[in-house]
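Written out below as structure tokens is the structure these notes cover.
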Amino acid sequence: MTHPIAPTLTTDRLTLRAHMMSDFDPLYALFATDRAQYMGGPVEAKQMWYWIAAEVGSWQLKGFGSWGVTRTDDGAFIGQVGINQPHHFPEPELGWVLLQDFEGKGYAAEAAAAARDWYWSNTDAQSVVSYITPGNSRSEALASRLGAVLDAEAPLPAGETQADTVVYRHGRPA
């Protein structure tokens, strides 16, 4: 199962599509701020470029990766969602990030559910995890809302400790 680029998915309000160059500036603007502390940031432009390129390239290497997320009605870019497994992750991760102006509207849950459901339809995996920085209560609440449960026994990304990361496990529906 490989895909040269991300397949396009749609929900009631959103379109999940392959990343475009126009996604870089708004994502970098977010990841360059202190607000990115829960998302592996802040980062500089060079690191952000490598990060996005890796997530785009993951489609061909792994068969899954990230999508740029837009509102379907007006095409506004609102963030990113994806299933990723860089080399230092022991398991594929369902992750999400929204630009600040689009938080609190249910978009992250809608996009993450679409990505997760695509993953179930295209793999035989029994679970996927979400790695969350402790204290990121919004992401912990979203993982729970998506049906994930805290997995204190899960392996952590290389070099991380439980002080750095908690793991929520999303199980395949029966």
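Here, A, B, ... name the chains of the structure tokens in the order displayed, residue numbers run from 1 inside each chain, and ligands are numbered from 1 in the same displayed order.
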
Excluding stretch 151-160 of chain A and residues on its chain fewer than 5 positions from it, collect all residues at most 9 Å away from it, counting only C-alpha atoms, and give them as a ChimeraX atom specification.
/A:87-91,129,131,165-169

Write to file, as a CSV table (one decimal), in the first residue's frame, the residues of the selection just made, with all heavy atoms.
```csv
chain,number,residue,atom,x,y,z
A,87,HIS,N,11.2,7.8,11.8
A,87,HIS,CA,12.1,6.8,12.2
A,87,HIS,C,12.1,6.6,13.7
A,87,HIS,O,12.2,5.5,14.2
A,87,HIS,CB,13.5,7.0,11.7
A,87,HIS,CG,14.4,5.9,12.0
A,87,HIS,ND1,14.3,4.7,11.5
A,87,HIS,CD2,15.5,5.9,12.8
A,87,HIS,CE1,15.3,3.9,11.9
A,87,HIS,NE2,16.0,4.6,12.8
A,88,HIS,N,12.0,7.7,14.5
A,88,HIS,CA,12.1,7.6,15.9
A,88,HIS,C,10.7,7.2,16.6
A,88,HIS,O,10.7,7.1,17.8
A,88,HIS,CB,12.7,8.8,16.5
A,88,HIS,CG,11.8,10.1,16.3
A,88,HIS,ND1,11.7,10.7,15.1
A,88,HIS,CD2,11.1,10.8,17.2
A,88,HIS,CE1,10.9,11.7,15.3
A,88,HIS,NE2,10.5,11.8,16.6
A,89,PHE,N,9.7,7.1,15.9
A,89,PHE,CA,8.4,6.7,16.4
A,89,PHE,C,8.2,5.2,16.4
A,89,PHE,O,8.3,4.6,15.3
A,89,PHE,CB,7.2,7.3,15.7
A,89,PHE,CG,6.9,8.7,16.0
A,89,PHE,CD1,7.8,9.5,16.7
A,89,PHE,CD2,5.7,9.3,15.5
A,89,PHE,CE1,7.5,10.9,16.9
A,89,PHE,CE2,5.4,10.6,15.7
A,89,PHE,CZ,6.3,11.4,16.5
A,90,PRO,N,7.9,4.5,17.5
A,90,PRO,CA,7.8,3.0,17.5
A,90,PRO,C,6.5,2.6,16.8
A,90,PRO,O,6.4,1.4,16.4
A,90,PRO,CB,7.8,2.7,19.0
A,90,PRO,CG,7.4,3.9,19.7
A,90,PRO,CD,7.9,5.0,18.9
A,91,GLU,N,5.5,3.5,16.7
A,91,GLU,CA,4.2,3.1,16.1
A,91,GLU,C,3.7,4.3,15.3
A,91,GLU,O,4.1,5.5,15.5
A,91,GLU,CB,3.2,2.9,17.2
A,91,GLU,CG,3.5,1.7,18.1
A,91,GLU,CD,2.4,1.5,19.1
A,91,GLU,OE1,1.3,1.1,18.7
A,91,GLU,OE2,2.7,1.8,20.3
A,129,VAL,N,-1.6,5.3,17.6
A,129,VAL,CA,-1.5,6.1,18.8
A,129,VAL,C,-1.5,7.6,18.5
A,129,VAL,O,-1.3,8.0,17.4
A,129,VAL,CB,-0.2,5.7,19.6
A,129,VAL,CG1,-0.2,4.3,20.0
A,129,VAL,CG2,1.1,6.1,18.8
A,131,TYR,N,0.7,10.7,20.3
A,131,TYR,CA,1.7,11.1,21.2
A,131,TYR,C,1.4,12.6,21.6
A,131,TYR,O,1.4,13.4,20.8
A,131,TYR,CB,3.1,11.0,20.6
A,131,TYR,CG,3.5,9.6,20.2
A,131,TYR,CD1,3.8,9.3,18.9
A,131,TYR,CD2,3.6,8.6,21.2
A,131,TYR,CE1,4.2,8.1,18.5
A,131,TYR,CE2,4.0,7.3,20.8
A,131,TYR,CZ,4.3,7.1,19.5
A,131,TYR,OH,4.7,5.8,19.1
A,165,THR,N,6.1,12.8,27.0
A,165,THR,CA,5.0,12.3,26.2
A,165,THR,C,4.1,11.4,26.9
A,165,THR,O,4.6,10.5,27.6
A,165,THR,CB,5.7,11.6,25.0
A,165,THR,OG1,6.6,12.4,24.3
A,165,THR,CG2,4.6,11.0,24.0
A,166,VAL,N,2.8,11.5,26.7
A,166,VAL,CA,1.8,10.5,27.0
A,166,VAL,C,1.3,9.9,25.8
A,166,VAL,O,1.3,10.6,24.7
A,166,VAL,CB,0.7,11.0,27.9
A,166,VAL,CG1,1.3,11.5,29.3
A,166,VAL,CG2,0.0,12.2,27.3
A,167,VAL,N,0.8,8.7,25.9
A,167,VAL,CA,0.4,7.9,24.7
A,167,VAL,C,-1.1,7.6,24.8
A,167,VAL,O,-1.5,7.0,25.8
A,167,VAL,CB,1.2,6.6,24.4
A,167,VAL,CG1,0.7,5.9,23.2
A,167,VAL,CG2,2.7,6.9,24.4
A,168,TYR,N,-1.9,8.0,23.9
A,168,TYR,CA,-3.3,7.6,23.8
A,168,TYR,C,-3.4,6.6,22.6
A,168,TYR,O,-2.9,6.9,21.5
A,168,TYR,CB,-4.2,8.9,23.5
A,168,TYR,CG,-4.5,9.6,24.8
A,168,TYR,CD1,-3.5,10.5,25.3
A,168,TYR,CD2,-5.7,9.4,25.5
A,168,TYR,CE1,-3.8,11.2,26.5
A,168,TYR,CE2,-5.9,10.1,26.7
A,168,TYR,CZ,-5.0,11.0,27.2
A,168,TYR,OH,-5.2,11.7,28.3
A,169,ARG,N,-4.1,5.5,22.9
A,169,ARG,CA,-4.2,4.5,21.9
A,169,ARG,C,-5.7,4.5,21.3
A,169,ARG,O,-6.6,4.4,22.1
A,169,ARG,CB,-3.9,3.1,22.5
A,169,ARG,CG,-3.9,2.0,21.4
A,169,ARG,CD,-3.3,0.7,21.9
A,169,ARG,NE,-1.9,0.9,22.3
A,169,ARG,CZ,-0.8,1.0,21.5
A,169,ARG,NH1,-1.0,1.0,20.2
A,169,ARG,NH2,0.4,1.2,22.0
```

Looking only at the backbone, which of the residues in stretch 62-147 of chain A does DSSP tag as strand (DSSP E), as a list in words?
Ser66, Trp67, Gly68, Val69, Thr70, Arg71, Phe77, Ile78, Gly79, Gln80, Val81, Gly82, Ile83, Asn84, Glu93, Leu94, Gly95, Trp96, Val97, Leu98, Ser127, Val128, Val129, Ser130, Tyr131 and Ile132 of chain A

Could you take the residues named above and write them with N, CA and C atoms, as a PDB file, in the first residue's frame?
```pdb
ATOM      1  N   SER A  66       0.579  13.007   6.033  1.00  0.00           N
ATOM      2  CA  SER A  66      -0.265  14.126   6.470  1.00  0.00           C
ATOM      3  C   SER A  66      -1.064  14.713   5.319  1.00  0.00           C
ATOM      4  N   TRP A  67      -2.146  15.342   5.719  1.00  0.00           N
ATOM      5  CA  TRP A  67      -2.997  16.093   4.809  1.00  0.00           C
ATOM      6  C   TRP A  67      -3.018  17.552   5.238  1.00  0.00           C
ATOM      7  N   GLY A  68      -3.105  18.459   4.281  1.00  0.00           N
ATOM      8  CA  GLY A  68      -3.493  19.826   4.575  1.00  0.00           C
ATOM      9  C   GLY A  68      -5.005  19.821   4.710  1.00  0.00           C
ATOM     10  N   VAL A  69      -5.523  20.582   5.662  1.00  0.00           N
ATOM     11  CA  VAL A  69      -6.971  20.599   5.907  1.00  0.00           C
ATOM     12  C   VAL A  69      -7.507  21.980   5.549  1.00  0.00           C
ATOM     13  N   THR A  70      -8.549  21.984   4.736  1.00  0.00           N
ATOM     14  CA  THR A  70      -9.213  23.229   4.356  1.00  0.00           C
ATOM     15  C   THR A  70     -10.697  23.121   4.653  1.00  0.00           C
ATOM     16  N   ARG A  71     -11.310  24.286   4.848  1.00  0.00           N
ATOM     17  CA  ARG A  71     -12.773  24.310   4.929  1.00  0.00           C
ATOM     18  C   ARG A  71     -13.297  24.168   3.513  1.00  0.00           C
ATOM     19  N   PHE A  77      -7.335  27.434   4.438  1.00  0.00           N
ATOM     20  CA  PHE A  77      -6.422  26.459   5.037  1.00  0.00           C
ATOM     21  C   PHE A  77      -6.514  26.612   6.547  1.00  0.00           C
ATOM     22  N   ILE A  78      -6.806  25.499   7.249  1.00  0.00           N
ATOM     23  CA  ILE A  78      -7.014  25.597   8.688  1.00  0.00           C
ATOM     24  C   ILE A  78      -6.004  24.792   9.507  1.00  0.00           C
ATOM     25  N   GLY A  79      -5.227  23.926   8.868  1.00  0.00           N
ATOM     26  CA  GLY A  79      -4.248  23.148   9.630  1.00  0.00           C
ATOM     27  C   GLY A  79      -3.854  21.866   8.938  1.00  0.00           C
ATOM     28  N   GLN A  80      -3.477  20.915   9.758  1.00  0.00           N
ATOM     29  CA  GLN A  80      -2.929  19.655   9.246  1.00  0.00           C
ATOM     30  C   GLN A  80      -3.396  18.509  10.143  1.00  0.00           C
ATOM     31  N   VAL A  81      -3.609  17.375   9.539  1.00  0.00           N
ATOM     32  CA  VAL A  81      -3.893  16.136  10.260  1.00  0.00           C
ATOM     33  C   VAL A  81      -3.151  15.032   9.534  1.00  0.00           C
ATOM     34  N   GLY A  82      -2.757  13.998  10.249  1.00  0.00           N
ATOM     35  CA  GLY A  82      -2.078  12.925   9.554  1.00  0.00           C
ATOM     36  C   GLY A  82      -1.827  11.713  10.409  1.00  0.00           C
ATOM     37  N   ILE A  83      -1.420  10.676   9.718  1.00  0.00           N
ATOM     38  CA  ILE A  83      -0.906   9.456  10.324  1.00  0.00           C
ATOM     39  C   ILE A  83       0.558   9.421   9.890  1.00  0.00           C
ATOM     40  N   ASN A  84       1.454   9.491  10.848  1.00  0.00           N
ATOM     41  CA  ASN A  84       2.875   9.544  10.527  1.00  0.00           C
ATOM     42  C   ASN A  84       3.665   8.594  11.414  1.00  0.00           C
ATOM     43  N   GLU A  93       1.422   7.338  14.299  1.00  0.00           N
ATOM     44  CA  GLU A  93       0.734   8.287  15.157  1.00  0.00           C
ATOM     45  C   GLU A  93      -0.327   9.057  14.381  1.00  0.00           C
ATOM     46  N   LEU A  94      -1.501   9.191  14.981  1.00  0.00           N
ATOM     47  CA  LEU A  94      -2.540  10.085  14.496  1.00  0.00           C
ATOM     48  C   LEU A  94      -2.315  11.416  15.186  1.00  0.00           C
ATOM     49  N   GLY A  95      -2.030  12.449  14.407  1.00  0.00           N
ATOM     50  CA  GLY A  95      -1.764  13.767  14.973  1.00  0.00           C
ATOM     51  C   GLY A  95      -2.561  14.842  14.264  1.00  0.00           C
ATOM     52  N   TRP A  96      -2.692  15.972  14.922  1.00  0.00           N
ATOM     53  CA  TRP A  96      -3.476  17.085  14.386  1.00  0.00           C
ATOM     54  C   TRP A  96      -2.910  18.397  14.894  1.00  0.00           C
ATOM     55  N   VAL A  97      -3.085  19.422  14.099  1.00  0.00           N
ATOM     56  CA  VAL A  97      -2.736  20.777  14.511  1.00  0.00           C
ATOM     57  C   VAL A  97      -3.603  21.736  13.700  1.00  0.00           C
ATOM     58  N   LEU A  98      -4.198  22.683  14.413  1.00  0.00           N
ATOM     59  CA  LEU A  98      -5.012  23.689  13.744  1.00  0.00           C
ATOM     60  C   LEU A  98      -4.416  25.065  13.985  1.00  0.00           C
ATOM     61  N   SER A 127      -4.371  -0.791  15.843  1.00  0.00           N
ATOM     62  CA  SER A 127      -4.415   0.449  16.617  1.00  0.00           C
ATOM     63  C   SER A 127      -3.484   1.470  15.992  1.00  0.00           C
ATOM     64  N   VAL A 128      -3.659   2.696  16.432  1.00  0.00           N
ATOM     65  CA  VAL A 128      -2.777   3.811  16.101  1.00  0.00           C
ATOM     66  C   VAL A 128      -2.713   4.651  17.376  1.00  0.00           C
ATOM     67  N   VAL A 129      -1.616   5.337  17.582  1.00  0.00           N
ATOM     68  CA  VAL A 129      -1.458   6.106  18.811  1.00  0.00           C
ATOM     69  C   VAL A 129      -1.456   7.600  18.518  1.00  0.00           C
ATOM     70  N   SER A 130      -1.657   8.376  19.570  1.00  0.00           N
ATOM     71  CA  SER A 130      -1.433   9.820  19.529  1.00  0.00           C
ATOM     72  C   SER A 130      -0.442  10.131  20.638  1.00  0.00           C
ATOM     73  N   TYR A 131       0.709  10.698  20.273  1.00  0.00           N
ATOM     74  CA  TYR A 131       1.719  11.121  21.239  1.00  0.00           C
ATOM     75  C   TYR A 131       1.400  12.556  21.623  1.00  0.00           C
ATOM     76  N   ILE A 132       1.183  12.791  22.915  1.00  0.00           N
ATOM     77  CA  ILE A 132       0.740  14.102  23.372  1.00  0.00           C
ATOM     78  C   ILE A 132       1.652  14.583  24.489  1.00  0.00           C
TER      79      ILE A 132
END
```

DSSP on the backbone: which residues in stretch 3-159 of chain A end up as helix (DSSP H, G or I)? Give the answer as a ChimeraX atom specification.
/A:21-31,34-39,45-62,100-102,107-122,137-145

Which residues of stretch 100-142 of chain A come within 10 Å of stretch 61-65 of chain A, and for each one, what is the closest pair of atoms and their distance in Å to one decimal, counting only C-alpha atoms, sorted by chain and residue number, as JSON lines?
```
{"residue": "A:Ala115", "atom": "CA", "partner": "A:Gly65", "partner_atom": "CA", "distance": 9.6}
{"residue": "A:Trp118", "atom": "CA", "partner": "A:Phe64", "partner_atom": "CA", "distance": 9.6}
{"residue": "A:Tyr119", "atom": "CA", "partner": "A:Phe64", "partner_atom": "CA", "distance": 7.9}
{"residue": "A:Asn122", "atom": "CA", "partner": "A:Gly63", "partner_atom": "CA", "distance": 9.0}
{"residue": "A:Thr123", "atom": "CA", "partner": "A:Gly63", "partner_atom": "CA", "distance": 9.3}
```

For each of A:Ser58, A:Thr10, A:Thr33, A:Ser144, take the minimum atom-to-atom distance to A:Ala114, counting only C-alpha atoms, then give the residue where this is smallest.
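Of A:Ser58, A:Thr10, A:Thr33, A:Ser144, the one nearest A:Ala114, counting only C-alpha atoms, is A:Thr10.
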
Choose the residue, out of A:Ala76, A:Ala53, A:Ala45, A:Val149, that has the smallest atom-to-atom separation from A:Leu16; count only C-alpha atoms.
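When distances to A:Leu16 are compared using only C-alpha atoms, the smallest one comes from A:Ala76.
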
Nearest to A:Glu103 among A:Ala163, A:Ile52, A:Met21, A:Leu142, with distances taken over only C-alpha atoms: which residue is it?
A:Leu142

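Across A:Val43, A:Ala32, A:Leu99, A:Ala113, the tightest approach to A:Asp12 is made by A:Ala113 when counting only C-alpha atoms.
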
What does the distance from atom CA of A:Tyr28 to atom CA of A:Glu110 come to in Å, to one decimal?
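Answer for the atom CA of A:Tyr28 to atom CA of A:Glu110 separation: 22.9 Å.
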
Judged by only C-alpha atoms, the minimum distance to A:Asp74 among A:Lys105, A:His170, A:Arg13, A:Arg35 is found for A:Arg13
